[in-house]
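Colleague: Mind having a look at this structure? Questions to follow.
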Amino acid sequence: MLPVISSHLWWAGLRRSICLNRPVLSRQPLQRLHIRVGDRAELSRAFTQRDVVTFSELTGDVNPLHLNEDFAKHTKFGKTIVHGVLINGLISALLGTKMPGPGCVFLSQEIKFPAPLYVGEVVLASAEVQKLKRFIAVIAVSCFVVESKKTVMEGWVKVTVPEAPSS
C-alpha cells in the first residue's frame with residue numbers, strides 16, 4: 001500500500017526530482033548575425049501573362065480578373081491584373097535569396113495592395129531591416145512600378161534570421 005502524502009508535497013517532490021534529473025544545458029556562445037538594422041536589398045521583375053496563367057494553374061485561383069481581358073475591361077482596373085500574392089512572391093524571393101538570405105523563414109506578415117500591377121510592368125521589390133531581436137527580424141517591404149513609381153504592395157514581414165556562415 002502506498003503511503004498517503006499530501007498532493008502538494010508529492011507534486012513539489014516530483015518537480016524537484018524532475019529538475020534535479022534534467023541535464024544542465026551549457027551556455028551556447030552568442031551566434032553571429034549577418035544583417036543589421038538599416039540593411040536593404042532589392043529585386044526587380046516584369047510578370048508575363050504566362051506567369052499569371054501558371055500561378056492560376058498552380059493555386060487554383062482562376063478569378064477572371066487575372067485571366068480574362070473581356071471580363072477585366074468592365075472592372076475598375078480596365079484590364080487583367082497580376083495576383084497580389086504573386087507580387088508578394090517577389091518579397092519571398094528577395095528575402096530568401098538576398099537578405100537575410102538562405103535559411104530565413106517567414107513567421108508573419110502584414111501587407112496591403114494600394115494599386116494594381118499590370119502584366120508587363122517592371123516592379124521593384126525592396127526590403128529594409130527595421131528591428132532585430134535575437135534571430136527575429138522585422139523588415140519593411142514594398143513593391144513599386146519602376147516607370148510610374150506607383151506602389152503596388154507595401155507592409156512588413158517578420159522572419160527568422162539564419163546564423164552567419166562561419167568564416
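Ordering of the C-alpha cells sets the chain letters (A, B, ...); residue numbers start at 1 within each chain; ligands are numbered from 1 in the order shown.
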I'd like to know which residues of segment 20-153 of chain A are strand (DSSP E or B) (by DSSP, run on the backbone); could you write them as a count of residues only?
Modeller: 40
Colleague: Could you pull the residues within 8 Å of Gly155 of chain A, counting only C-alpha atoms, minus those fewer than 5 positions along the same chain, as an MDAnalysis selection string?
Modeller: chainID A and resid 109:112 140:142
Colleague: For the atom pair atom CA of Tyr118 of chain A and atom CA of Asn63 of chain A, what is the interatomic distance in Å to one decimal place?
Modeller: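 These two atoms are separated by 15.0 Å.
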Colleague: Write out as a list in words the set of residues from segment 44-83 of chain A that DSSP, computed on the backbone, places in helix (DSSP H, G or I).
Modeller: Gln49, Arg50, Asp51, Val52, Val53, Thr54, Phe55, Ser56, Glu57, Leu58, Thr59, Pro64, Leu65, His66, Leu67, Glu69, Asp70, Phe71 and Ala72 of chain A
Colleague: Tell me which of A:Ile35, A:Phe106, A:Arg50, A:Glu69 sits closest to Ala93 of chain A, counting only C-alpha atoms.
Modeller: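 Closest candidate: A:Phe106.
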Colleague: With a distance cut-off of 12 Å and only C-alpha atoms, select the neighbouring residues of Val105 of chain A, excluding the residue or stretch itself and same-chain residues fewer than 6 positions from it, and output the selection as a compact mmCIF listing (two decimals) with C-alpha atoms, in the first residue's frame.
Modeller:
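The file below, selection.txt, is the result:
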# COMPACT_ATOMS: atom_id res chain seq x y z
CA SER A 92 9.75 35.87 -50.56
CA ALA A 93 12.39 35.53 -53.29
CA LEU A 95 14.32 37.63 -48.50
CA GLY A 96 15.17 34.01 -49.24
CA THR A 97 17.96 34.72 -51.70
CA MET A 99 18.62 39.42 -47.38
CA PHE A 135 17.17 35.72 -34.51
CA ILE A 136 13.97 37.58 -35.45
CA ALA A 137 13.91 40.47 -37.92
CA VAL A 138 11.05 42.84 -38.72
CA VAL A 157 7.26 40.81 -42.58
CA LYS A 158 8.73 39.04 -39.58
CA VAL A 159 11.32 36.39 -40.36
CA THR A 160 13.85 34.22 -38.63
CA VAL A 161 17.43 35.18 -39.44
CA PRO A 162 19.86 32.35 -40.10
Colleague: Could you list, with a cut-off of 12 Å and counting only C-alpha atoms, the residues of segment 64-87 of chain A near segment 54-58 of chain A, each shown with its nearest atom pair and the distance in Å rounded to one decimal, rows sorted by chain and ascending number, as a Markdown table?
Modeller:
| residue | atom | partner | partner_atom | distance |
| --- | --- | --- | --- | --- |
| A:Pro64 | CA | A:Ser56 | CA | 10.1 |
| A:Leu65 | CA | A:Ser56 | CA | 11.2 |
| A:His66 | CA | A:Ser56 | CA | 8.4 |
| A:Leu67 | CA | A:Ser56 | CA | 8.4 |
| A:Asn68 | CA | A:Ser56 | CA | 11.9 |
| A:Val82 | CA | A:Phe55 | CA | 9.6 |
| A:His83 | CA | A:Phe55 | CA | 8.3 |
| A:Gly84 | CA | A:Phe55 | CA | 11.0 |
| A:Val85 | CA | A:Phe55 | CA | 9.5 |
| A:Leu86 | CA | A:Phe55 | CA | 7.3 |
| A:Ile87 | CA | A:Phe55 | CA | 10.9 |
Colleague: Okay, now the selection with N, CA and C atoms, as a PDB file, in the first residue's frame?
Modeller:
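Output contents, as saved in result38.pdb:
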ATOM      1  N   PRO A  64     -11.429  35.541 -63.026  1.00  0.00           N
ATOM      2  CA  PRO A  64     -11.300  36.103 -64.375  1.00  0.00           C
ATOM      3  C   PRO A  64     -10.661  37.497 -64.392  1.00  0.00           C
ATOM      4  N   LEU A  65     -10.600  38.164 -63.269  1.00  0.00           N
ATOM      5  CA  LEU A  65      -9.924  39.460 -63.193  1.00  0.00           C
ATOM      6  C   LEU A  65      -8.443  39.337 -63.574  1.00  0.00           C
ATOM      7  N   HIS A  66      -7.887  38.152 -63.388  1.00  0.00           N
ATOM      8  CA  HIS A  66      -6.485  37.919 -63.708  1.00  0.00           C
ATOM      9  C   HIS A  66      -6.283  37.276 -65.077  1.00  0.00           C
ATOM     10  N   LEU A  67      -7.338  36.655 -65.620  1.00  0.00           N
ATOM     11  CA  LEU A  67      -7.160  35.805 -66.794  1.00  0.00           C
ATOM     12  C   LEU A  67      -7.973  36.199 -68.023  1.00  0.00           C
ATOM     13  N   ASN A  68      -9.041  36.939 -67.841  1.00  0.00           N
ATOM     14  CA  ASN A  68      -9.969  37.192 -68.945  1.00  0.00           C
ATOM     15  C   ASN A  68     -10.053  38.691 -69.234  1.00  0.00           C
ATOM     16  N   VAL A  82      -2.148  41.390 -62.195  1.00  0.00           N
ATOM     17  CA  VAL A  82      -1.339  40.323 -61.608  1.00  0.00           C
ATOM     18  C   VAL A  82      -1.885  40.029 -60.202  1.00  0.00           C
ATOM     19  N   HIS A  83      -1.920  38.758 -59.845  1.00  0.00           N
ATOM     20  CA  HIS A  83      -2.343  38.361 -58.493  1.00  0.00           C
ATOM     21  C   HIS A  83      -1.474  39.055 -57.439  1.00  0.00           C
ATOM     22  N   GLY A  84      -2.094  39.562 -56.384  1.00  0.00           N
ATOM     23  CA  GLY A  84      -1.343  40.193 -55.306  1.00  0.00           C
ATOM     24  C   GLY A  84      -0.361  39.240 -54.646  1.00  0.00           C
ATOM     25  N   VAL A  85      -0.769  37.990 -54.480  1.00  0.00           N
ATOM     26  CA  VAL A  85       0.106  37.025 -53.827  1.00  0.00           C
ATOM     27  C   VAL A  85       1.302  36.683 -54.723  1.00  0.00           C
ATOM     28  N   LEU A  86       1.141  36.788 -56.020  1.00  0.00           N
ATOM     29  CA  LEU A  86       2.273  36.591 -56.928  1.00  0.00           C
ATOM     30  C   LEU A  86       3.287  37.724 -56.753  1.00  0.00           C
ATOM     31  N   ILE A  87       2.787  38.936 -56.593  1.00  0.00           N
ATOM     32  CA  ILE A  87       3.677  40.077 -56.296  1.00  0.00           C
ATOM     33  C   ILE A  87       4.402  39.821 -54.975  1.00  0.00           C
TER      34      ILE A  87
END
